[in-house]
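Enquirer: mmCIF, C-alpha atoms, saved as run.cif, coming up:
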```
data_my_file
loop_
_atom_site.label_atom_id
_atom_site.label_comp_id
_atom_site.auth_asym_id
_atom_site.auth_seq_id
_atom_site.Cartn_x
_atom_site.Cartn_y
_atom_site.Cartn_z
CA MET A 1 0.00 0.00 0.00
CA SER A 2 1.66 3.25 -1.11
CA LEU A 3 1.61 6.40 0.98
CA SER A 4 0.36 9.72 -0.28
CA HIS A 5 2.74 12.69 -0.44
CA GLU A 6 1.20 14.12 2.73
CA GLN A 7 1.50 10.79 4.56
CA ASN A 8 5.15 10.46 3.54
CA ARG A 9 5.88 13.98 4.77
CA LEU A 10 4.27 13.22 8.11
CA GLY A 11 6.02 9.88 8.49
CA ILE A 12 2.83 7.81 8.83
CA TYR A 13 3.43 4.08 8.52
CA ASP A 14 1.37 1.68 6.40
CA LYS A 15 -1.52 0.15 8.32
CA ILE A 16 -0.66 -3.39 9.38
CA ILE A 17 -4.31 -4.32 8.78
CA PRO A 18 -5.45 -2.01 5.94
CA ASN A 19 -9.21 -2.53 6.37
CA LEU A 20 -10.48 -1.02 9.63
CA THR A 21 -13.41 -3.43 9.75
CA ASP A 22 -10.88 -6.30 10.08
CA TRP A 23 -9.35 -4.87 13.25
CA PRO A 24 -10.03 -6.98 16.38
CA ILE A 25 -11.62 -3.99 18.13
CA SER A 26 -13.91 -3.45 15.14
CA LYS A 27 -14.94 -7.11 14.98
CA LEU A 28 -15.72 -6.96 18.69
CA SER A 29 -18.10 -4.07 18.06
CA GLN A 30 -19.69 -5.80 15.05
CA ASN A 31 -20.56 -8.74 17.32
CA ARG A 32 -21.24 -6.58 20.36
CA GLN A 33 -24.46 -8.20 21.57
CA SER A 34 -23.18 -11.76 21.28
CA PHE A 35 -20.00 -10.70 23.08
CA ILE A 36 -22.04 -9.07 25.86
CA ASP A 37 -24.13 -12.24 26.21
CA ALA A 38 -20.95 -14.29 26.62
CA HIS A 39 -19.52 -11.65 28.95
CA ILE A 40 -22.53 -11.88 31.25
CA GLU A 41 -22.26 -15.67 31.50
CA GLN A 42 -18.50 -15.65 32.09
CA SER A 43 -18.79 -12.89 34.70
CA LYS A 44 -21.42 -14.87 36.60
CA ALA A 45 -19.31 -18.04 36.44
CA GLN A 46 -16.21 -16.16 37.64
CA ILE A 47 -18.07 -14.67 40.61
CA LEU A 48 -19.69 -17.97 41.62
CA THR A 49 -16.34 -19.76 41.37
CA GLY A 50 -14.86 -17.27 43.83
CA LEU A 51 -17.54 -17.85 46.48
CA LYS A 52 -16.70 -20.26 49.28
CA HIS A 53 -20.32 -21.41 49.50
CA PRO A 54 -23.39 -20.84 47.25
CA ASP A 55 -25.21 -19.20 50.16
CA GLU A 56 -22.67 -16.36 50.02
CA LEU A 57 -24.35 -15.02 46.90
CA LYS A 58 -27.18 -13.52 48.98
CA LYS A 59 -24.65 -11.56 51.04
CA VAL A 60 -22.82 -10.38 47.91
CA LEU A 61 -26.09 -9.21 46.35
CA ALA A 62 -27.14 -7.43 49.54
CA LYS A 63 -23.79 -5.65 49.85
CA ALA A 64 -23.88 -4.54 46.21
CA LEU A 65 -27.39 -3.17 46.74
CA TYR A 66 -26.33 -1.34 49.91
CA LEU A 67 -23.31 0.30 48.26
CA GLU A 68 -25.24 1.23 45.12
CA ARG A 69 -28.00 2.94 47.08
CA ILE A 70 -25.37 5.00 48.92
CA ARG A 71 -23.74 5.93 45.59
CA ILE A 72 -27.03 7.05 44.07
CA LYS A 73 -27.85 9.20 47.07
CA GLU A 74 -24.45 10.72 47.85
CA ASP A 75 -22.56 10.80 44.55
CA PRO A 76 -24.88 11.08 41.51
CA TRP A 77 -23.45 12.02 38.09
CA ARG A 78 -25.15 13.48 35.04
CA VAL A 79 -24.06 10.46 32.97
CA ASP A 80 -25.90 8.01 35.26
CA PRO A 81 -28.93 6.25 33.68
CA SER A 82 -32.28 7.87 34.41
CA ASP A 83 -33.68 4.60 35.75
CA GLU A 84 -31.02 4.07 38.44
CA LYS A 85 -33.41 4.39 41.38
CA SER A 86 -36.16 2.28 39.85
CA PHE A 87 -33.72 -0.49 38.89
CA TRP A 88 -32.23 -0.81 42.36
CA ASN A 89 -35.67 -0.47 43.98
CA ASN A 90 -36.70 -3.50 41.93
CA ILE A 91 -33.63 -5.40 43.15
CA THR A 92 -34.56 -4.39 46.71
CA ARG A 93 -38.03 -5.89 46.30
CA LYS A 94 -36.56 -9.16 45.03
CA LEU A 95 -34.15 -9.44 47.96
CA ILE A 96 -36.94 -8.63 50.43
CA LYS A 97 -39.00 -11.46 48.95
CA ILE A 98 -36.07 -13.80 49.49
CA SER A 99 -35.77 -12.76 53.15
CA GLN A 100 -39.49 -13.34 53.67
CA LEU A 101 -39.52 -16.87 52.29
CA LYS A 102 -40.51 -19.56 54.76
CA PRO A 103 -37.99 -22.26 55.75
CA GLY A 104 -37.76 -24.86 53.01
CA GLU A 105 -39.07 -22.59 50.24
CA PRO A 106 -36.65 -22.36 47.25
CA GLU A 107 -34.64 -19.15 47.02
CA THR A 108 -32.62 -20.02 43.95
CA GLU A 109 -34.94 -18.54 41.33
CA LEU A 110 -35.10 -15.09 42.93
CA ASP A 111 -31.35 -15.13 43.65
CA ASP A 112 -30.55 -16.03 40.05
CA GLU A 113 -32.94 -13.41 38.69
CA ALA A 114 -31.44 -10.55 40.72
CA PHE A 115 -27.91 -11.78 39.98
CA GLU A 116 -28.59 -11.93 36.23
CA GLU A 117 -30.16 -8.47 36.13
CA ILE A 118 -27.29 -6.79 37.98
CA ILE A 119 -24.53 -8.41 35.91
CA SER A 120 -26.42 -7.68 32.69
CA ARG A 121 -26.77 -4.02 33.64
CA TYR A 122 -23.08 -3.73 34.47
CA SER A 123 -22.03 -5.52 31.28
CA HIS A 124 -24.07 -3.25 29.01
CA GLU A 125 -22.73 -0.20 30.85
CA ILE A 126 -19.07 -1.26 30.57
CA ALA A 127 -19.02 -2.46 26.95
CA GLY A 128 -17.66 -0.02 24.38
CA HIS A 129 -18.32 0.63 20.70
CA PHE A 130 -15.97 1.19 17.77
CA SER A 131 -16.91 3.11 14.64
CA PRO A 132 -14.42 3.12 11.71
CA ARG A 133 -16.03 6.35 10.48
CA ALA A 134 -15.54 8.09 13.85
CA TYR A 135 -11.97 6.75 14.00
CA LYS A 136 -11.10 8.20 10.59
CA PHE A 137 -12.59 11.54 11.57
CA SER A 138 -10.75 11.64 14.90
CA THR A 139 -7.38 10.86 13.29
CA TRP A 140 -7.91 13.90 11.09
CA ILE A 141 -9.45 16.42 13.48
CA LEU A 142 -7.40 15.76 16.63
CA PRO A 143 -3.94 16.34 15.03
CA PHE A 144 -5.34 19.46 13.38
CA LEU A 145 -6.59 20.86 16.70
CA PHE A 146 -3.39 19.94 18.54
CA SER A 147 -1.32 21.57 15.79
CA GLN A 148 -3.29 24.78 16.14
CA PHE A 149 -2.72 24.92 19.88
CA LEU A 150 0.96 23.95 19.65
CA ASN A 151 1.82 26.45 16.94
CA LYS A 152 1.47 30.03 18.16
CA ALA A 153 1.72 31.42 14.65
CA SER A 154 -1.44 29.63 13.58
CA ILE A 155 -3.68 30.08 16.62
CA TRP A 156 -5.19 33.28 15.30
CA LYS A 157 -4.76 32.61 11.61
CA ILE A 158 -5.60 29.10 10.57
CA GLY A 159 -4.26 29.50 7.03
CA SER A 160 -0.76 30.61 8.12
CA PRO A 161 2.31 28.33 7.76
CA ARG A 162 2.49 25.87 10.63
CA LEU A 163 4.19 22.75 11.88
CA HIS A 164 2.18 19.56 11.97
CA LEU A 165 1.81 17.61 15.22
CA ARG A 166 4.13 14.96 13.71
CA ASP A 167 6.87 17.60 13.56
CA ARG A 168 6.53 18.26 17.28
CA ILE A 169 6.71 14.69 18.59
CA GLU A 170 9.85 12.57 18.42
CA PHE A 171 9.42 8.83 17.89
CA THR A 172 12.20 6.65 19.34
CA GLY A 173 12.61 2.94 19.98
CA ASN A 174 12.33 -0.19 17.88
CA ILE A 175 9.19 0.70 15.96
CA GLU A 176 9.50 -2.15 13.46
CA LEU A 177 9.72 -4.69 16.29
CA VAL A 178 6.50 -3.35 17.84
CA ARG A 179 4.77 -3.50 14.47
CA GLU A 180 5.96 -7.09 13.94
CA LEU A 181 4.92 -8.19 17.43
CA SER A 182 1.42 -6.81 16.86
CA THR A 183 0.99 -9.34 14.04
CA LYS A 184 1.98 -12.25 16.29
CA GLY A 185 0.10 -11.55 19.50
CA THR A 186 -1.81 -9.04 21.58
CA VAL A 187 0.07 -5.88 22.55
CA VAL A 188 -0.38 -4.45 26.04
CA LEU A 189 0.72 -0.82 26.33
CA THR A 190 1.48 0.52 29.84
CA PRO A 191 2.54 4.19 29.67
CA THR A 192 3.14 6.59 32.52
CA HIS A 193 0.08 8.79 32.93
CA PHE A 194 0.93 12.45 33.56
CA SER A 195 -1.53 14.49 31.48
CA ASN A 196 -5.20 14.55 30.51
CA LEU A 197 -3.98 14.64 26.91
CA ASP A 198 -2.26 11.25 27.21
CA SER A 199 -5.08 9.14 25.78
CA PRO A 200 -5.72 11.17 22.59
CA LEU A 201 -1.99 11.67 21.95
CA ILE A 202 -1.17 8.00 22.49
CA GLY A 203 -4.10 7.09 20.24
CA TRP A 204 -2.67 9.33 17.54
CA VAL A 205 0.80 7.78 17.90
CA ILE A 206 -0.74 4.32 17.52
CA HIS A 207 -2.38 5.57 14.32
CA VAL A 208 0.91 6.97 13.00
CA LEU A 209 2.66 3.64 13.62
CA GLY A 210 0.01 1.87 11.55
CA LEU A 211 -1.21 -0.27 14.45
CA PRO A 212 -4.88 -1.20 14.88
CA ALA A 213 -6.72 0.90 17.46
CA PHE A 214 -6.21 -0.10 21.10
CA LEU A 215 -8.91 -0.80 23.64
CA TYR A 216 -8.74 1.21 26.87
CA GLY A 217 -10.78 1.90 29.96
CA ALA A 218 -12.06 5.47 30.38
CA GLY A 219 -13.41 6.87 33.63
CA LEU A 220 -17.20 7.16 33.47
CA ASN A 221 -16.88 10.74 34.77
CA LEU A 222 -15.33 11.73 31.42
CA PHE A 223 -18.62 10.83 29.73
CA ASN A 224 -20.25 13.73 31.60
CA SER A 225 -18.74 15.91 28.86
CA LYS A 226 -20.67 15.53 25.59
CA PRO A 227 -17.65 16.15 23.28
CA PHE A 228 -15.55 13.56 25.15
CA ALA A 229 -18.47 11.15 25.31
CA PHE A 230 -19.09 11.48 21.56
CA PHE A 231 -15.57 10.34 20.65
CA MET A 232 -14.87 7.85 23.43
CA SER A 233 -18.17 6.05 22.99
CA ARG A 234 -17.26 5.47 19.33
CA LEU A 235 -13.54 4.72 19.61
CA GLY A 236 -13.63 1.50 21.62
CA ALA A 237 -13.28 2.91 25.11
CA TYR A 238 -15.03 0.84 27.75
CA LYS A 239 -16.43 2.60 30.80
CA VAL A 240 -14.86 2.33 34.25
CA ASP A 241 -16.93 3.66 37.17
CA ARG A 242 -14.56 4.10 40.12
CA ARG A 243 -17.49 4.80 42.45
CA LYS A 244 -18.57 1.18 42.17
CA ARG A 245 -16.49 -0.92 44.55
CA ASN A 246 -18.72 -3.94 45.02
CA LEU A 247 -17.56 -7.44 44.06
CA LEU A 248 -20.15 -7.90 41.29
CA TYR A 249 -19.05 -4.78 39.40
CA LEU A 250 -15.31 -5.30 39.85
CA GLU A 251 -15.41 -8.91 38.66
CA THR A 252 -17.62 -7.98 35.69
CA LEU A 253 -15.14 -5.24 34.73
CA LYS A 254 -12.12 -7.53 35.01
CA THR A 255 -13.85 -10.26 33.04
CA TYR A 256 -14.51 -7.77 30.22
CA SER A 257 -10.80 -6.93 30.07
CA ARG A 258 -9.77 -10.60 30.10
CA MET A 259 -12.20 -11.51 27.34
CA THR A 260 -11.19 -8.63 25.04
CA LEU A 261 -7.53 -9.58 25.42
CA ARG A 262 -8.40 -13.16 24.44
CA GLU A 263 -10.20 -11.74 21.39
CA GLY A 264 -6.89 -10.19 20.31
CA CYS A 265 -7.74 -6.56 21.11
CA HIS A 266 -4.55 -4.62 21.81
CA SER A 267 -5.04 -2.83 25.13
CA LEU A 268 -3.82 0.25 26.96
CA PHE A 269 -3.50 0.35 30.75
CA PHE A 270 -2.13 3.14 32.92
CA PRO A 271 -0.33 1.04 35.56
CA GLY A 272 -0.26 3.84 38.13
CA GLY A 273 -4.05 4.03 38.06
CA THR A 274 -3.97 7.83 38.03
CA ARG A 275 -1.74 10.68 36.87
CA SER A 276 1.91 10.83 37.92
CA ARG A 277 2.16 14.44 39.13
CA SER A 278 5.96 14.44 38.82
CA GLY A 279 6.01 12.75 35.42
CA GLN A 280 8.29 10.02 36.78
CA ILE A 281 7.69 6.32 36.15
CA GLU A 282 5.53 4.92 38.92
CA LYS A 283 7.08 2.52 41.43
CA GLN A 284 3.78 1.45 42.98
CA LEU A 285 1.63 -0.22 40.34
CA LYS A 286 -2.07 -0.95 40.60
CA LEU A 287 -2.71 -4.41 39.24
CA GLY A 288 -6.49 -4.18 39.00
CA LEU A 289 -7.21 -4.16 35.27
CA LEU A 290 -3.52 -4.53 34.38
CA GLY A 291 -3.55 -7.78 36.33
CA THR A 292 -6.05 -9.22 33.85
CA ALA A 293 -3.32 -9.21 31.21
CA LEU A 294 -1.07 -11.23 33.52
CA GLU A 295 -3.90 -13.66 34.21
#
```
How does the structure come out when it is put into structure tokens?

Expert:
Amino acid sequence: MSLSHEQNRLGIYDKIIPNLTDWPISKLSQNRQSFIDAHIEQSKAQILTGLKHPDELKKVLAKALYLERIRIKEDPWRVDPSDEKSFWNNITRKLIKISQLKPGEPETELDDEAFEEIISRYSHEIAGHFSPRAYKFSTWILPFLFSQFLNKASIWKIGSPRLHLRDRIEFTGNIELVRELSTKGTVVLTPTHFSNLDSPLIGWVIHVLGLPAFLYGAGLNLFNSKPFAFFMSRLGAYKVDRRKRNLLYLETLKTYSRMTLREGCHSLFFPGGTRSRSGQIEKQLKLGLLGTALE
């Protein structure tokens, strides 16, 4: 595949997989519902496997309900679904019915129903989308906007001579090795996180190197902003809600990461979990989602 004059000038590499619809992240989105169905079942199996006794499920459900009701009351976000209260009220009614059952009456059906509904809700919330059209647009508009901000001469006059973003960023390291490895396995990228611009800039660098788009977890709070939400919801980002600390959510989130890695989706994790204020490489790593790659 030959490069255009502009691509040659900017040093953009040939795409390893020319057709965007053949990228693992794109195939995942094309089969999104079937993947979610499998994700729900695997999440449930993973949670049940971790319980010491089947009766523990009632306690896990009750704790999740308790923590979610506190979250809804004390820390609501604009991005939260409008039916949050009604959903968890319905779960409350199911758990109350279980507690009111007489000795010997079966609890399994109500347990399974509440369990299924909660995991399904979490799975649909977490799962991302990928749109080749949105990706093409973002790889054009984002470098243009960054170039305008980085070049003082062109901030006020868009048509004036300017340096492209590619001229401002130095690429070092064994690029060809990374490109070759991406054809043989799944790449896990673990950069130091020191700026809110990290994700879009790293995404652009991945594009320049000709690699397929990477999957990454984005804080749900970022989806409060409509411009951010528009791009992230179409570029493969899956949602991570750090307010949710219950076992059901955390295991569903980790299972999503494990399954996407098995599907061959290259993935980005910030191992520090948050920004490094000094810009130095973190010494204390958080192995939450990153640990799923090791697993």

Enquirer: I need the residue nearest Ile141 (chain A) from this list: A:Asn31, A:Ile70, A:Trp204, A:Asn224. Use only C-alpha atoms for the distance.

Expert: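 Once distances to Ile141 (chain A) are computed over only C-alpha atoms, the minimum belongs to A:Trp204.
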
Enquirer: Counting all atoms listed in the file, which residues have an atom no more than 12 Å from (-8.3, 13.9, 13.2) in the file's coordinates? Please list them as a list in words.

Expert: Arg133, Ala134, Tyr135, Lys136, Phe137, Ser138, Thr139, Trp140, Ile141, Leu142, Pro143, Phe144, Leu145, Phe146, Ser147, His164, Leu165, Pro200, Leu201, Gly203, Trp204, Val205, His207, Val208 and Phe231 of chain A

Enquirer: For a quick check of understanding, using all atoms listed in the file, which of A:Leu253, A:Leu261, A:Leu247, A:Leu20 has the smallest distance to Phe130 (chain A)?

Expert: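 Using all atoms listed in the file, Phe130 (chain A) sits closest to A:Leu20.
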
Enquirer: Excluding Ile175 (chain A) and its own-chain neighbours fewer than 2 positions away, which residues fall within 12 Å of it when counting all atoms listed in the file? Please give them as a PyMOL selection string.

Expert: chain A and resi 12-13+171-173+177-182+205-206+208-211

Enquirer: Convert the output of the PyMOL selection byres ((chain A and resi 28) around 9) on the shown file into explicit residues, formatted as a list in words.

Expert: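 Given this file, the PyMOL selection byres ((chain A and resi 28) around 9) evaluates to Trp23, Pro24, Ile25, Ser26, Lys27, Ser29, Gln30, Asn31, Arg32, Phe35, His129, Phe130, Thr260, Glu263 and Cys265 of chain A.
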
Enquirer: What does the distance between CA of Tyr66 (chain A) and CA of Ser225 (chain A) come to in Å, to one decimal place?

Expert: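 These two atoms are separated by 28.3 Å.
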
Enquirer: Please compute the CA of Thr255 (chain A)-CA of Lys184 (chain A) distance, one decimal, in Å.

Expert: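 Result for CA of Thr255 (chain A) versus CA of Lys184 (chain A): 23.1 Å, one decimal.
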
Enquirer: What is the CA of Thr186 (chain A) to CA of His266 (chain A) distance in Å?

Expert: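 CA of His266 (chain A) lies at a distance of 5.2 Å from CA of Thr186 (chain A).
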
Enquirer: A:Glu295, A:Lys244, A:Glu125, A:Phe223: which is nearest Arg71 (chain A), counting only C-alpha atoms?

Expert: A:Lys244

Enquirer: Output the residue selection produced by the PyMOL selection byres ((chain A and resi 290) around 9) on the file above, formatted as an NGL selection string.

Expert: :A and (188 or 190 or 257 or 268-271 or 285-289 or 291-294)

Enquirer: Apply the PyMOL selection byres ((chain A and resi 114) around 12) to the displayed file and report the matching residues as a PDB file with C-alpha atoms, in the frame of the given file.

Expert:
```
ATOM      1  CA  LYS A  44     -21.420 -14.870  36.600  1.00  0.00           C
ATOM      2  CA  LEU A  57     -24.350 -15.020  46.900  1.00  0.00           C
ATOM      3  CA  LYS A  58     -27.180 -13.520  48.980  1.00  0.00           C
ATOM      4  CA  VAL A  60     -22.820 -10.380  47.910  1.00  0.00           C
ATOM      5  CA  LEU A  61     -26.090  -9.210  46.350  1.00  0.00           C
ATOM      6  CA  ALA A  62     -27.140  -7.430  49.540  1.00  0.00           C
ATOM      7  CA  ALA A  64     -23.880  -4.540  46.210  1.00  0.00           C
ATOM      8  CA  LEU A  65     -27.390  -3.170  46.740  1.00  0.00           C
ATOM      9  CA  PHE A  87     -33.720  -0.490  38.890  1.00  0.00           C
ATOM     10  CA  TRP A  88     -32.230  -0.810  42.360  1.00  0.00           C
ATOM     11  CA  ASN A  89     -35.670  -0.470  43.980  1.00  0.00           C
ATOM     12  CA  ASN A  90     -36.700  -3.500  41.930  1.00  0.00           C
ATOM     13  CA  ILE A  91     -33.630  -5.400  43.150  1.00  0.00           C
ATOM     14  CA  THR A  92     -34.560  -4.390  46.710  1.00  0.00           C
ATOM     15  CA  ARG A  93     -38.030  -5.890  46.300  1.00  0.00           C
ATOM     16  CA  LYS A  94     -36.560  -9.160  45.030  1.00  0.00           C
ATOM     17  CA  LEU A  95     -34.150  -9.440  47.960  1.00  0.00           C
ATOM     18  CA  ILE A  96     -36.940  -8.630  50.430  1.00  0.00           C
ATOM     19  CA  LYS A  97     -39.000 -11.460  48.950  1.00  0.00           C
ATOM     20  CA  ILE A  98     -36.070 -13.800  49.490  1.00  0.00           C
ATOM     21  CA  GLU A 107     -34.640 -19.150  47.020  1.00  0.00           C
ATOM     22  CA  THR A 108     -32.620 -20.020  43.950  1.00  0.00           C
ATOM     23  CA  GLU A 109     -34.940 -18.540  41.330  1.00  0.00           C
ATOM     24  CA  LEU A 110     -35.100 -15.090  42.930  1.00  0.00           C
ATOM     25  CA  ASP A 111     -31.350 -15.130  43.650  1.00  0.00           C
ATOM     26  CA  ASP A 112     -30.550 -16.030  40.050  1.00  0.00           C
ATOM     27  CA  GLU A 113     -32.940 -13.410  38.690  1.00  0.00           C
ATOM     28  CA  PHE A 115     -27.910 -11.780  39.980  1.00  0.00           C
ATOM     29  CA  GLU A 116     -28.590 -11.930  36.230  1.00  0.00           C
ATOM     30  CA  GLU A 117     -30.160  -8.470  36.130  1.00  0.00           C
ATOM     31  CA  ILE A 118     -27.290  -6.790  37.980  1.00  0.00           C
ATOM     32  CA  ILE A 119     -24.530  -8.410  35.910  1.00  0.00           C
ATOM     33  CA  SER A 120     -26.420  -7.680  32.690  1.00  0.00           C
ATOM     34  CA  ARG A 121     -26.770  -4.020  33.640  1.00  0.00           C
ATOM     35  CA  LEU A 248     -20.150  -7.900  41.290  1.00  0.00           C
TER      36      LEU A 248
END
```

Enquirer: Write out as a list in words which residues come within 9 Å of Ala127 (chain A) when counting all atoms listed in the file, dropping same-chain ones fewer than 4 positions away.

Expert: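 Within the cut-off, the hits are Arg32, Ile36, Tyr122, Ser123, Gly236, Ala237, Tyr238, Lys239 and Tyr256 of chain A.
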
Enquirer: Counting only C-alpha atoms, which of A:Pro132, A:Gly185, A:Pro81, A:Pro54 gets nearest to Pro18 (chain A)?

Expert: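 Counting only C-alpha atoms, the residue closest to Pro18 (chain A) is A:Pro132.
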
Enquirer: Hey, which of A:Lys59, A:Lys254, A:Arg168, A:Arg243 ends up closest to Trp77 (chain A)? Count all atoms listed in the file.

Expert: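 Closest to Trp77 (chain A), using all atoms listed in the file: A:Arg243.
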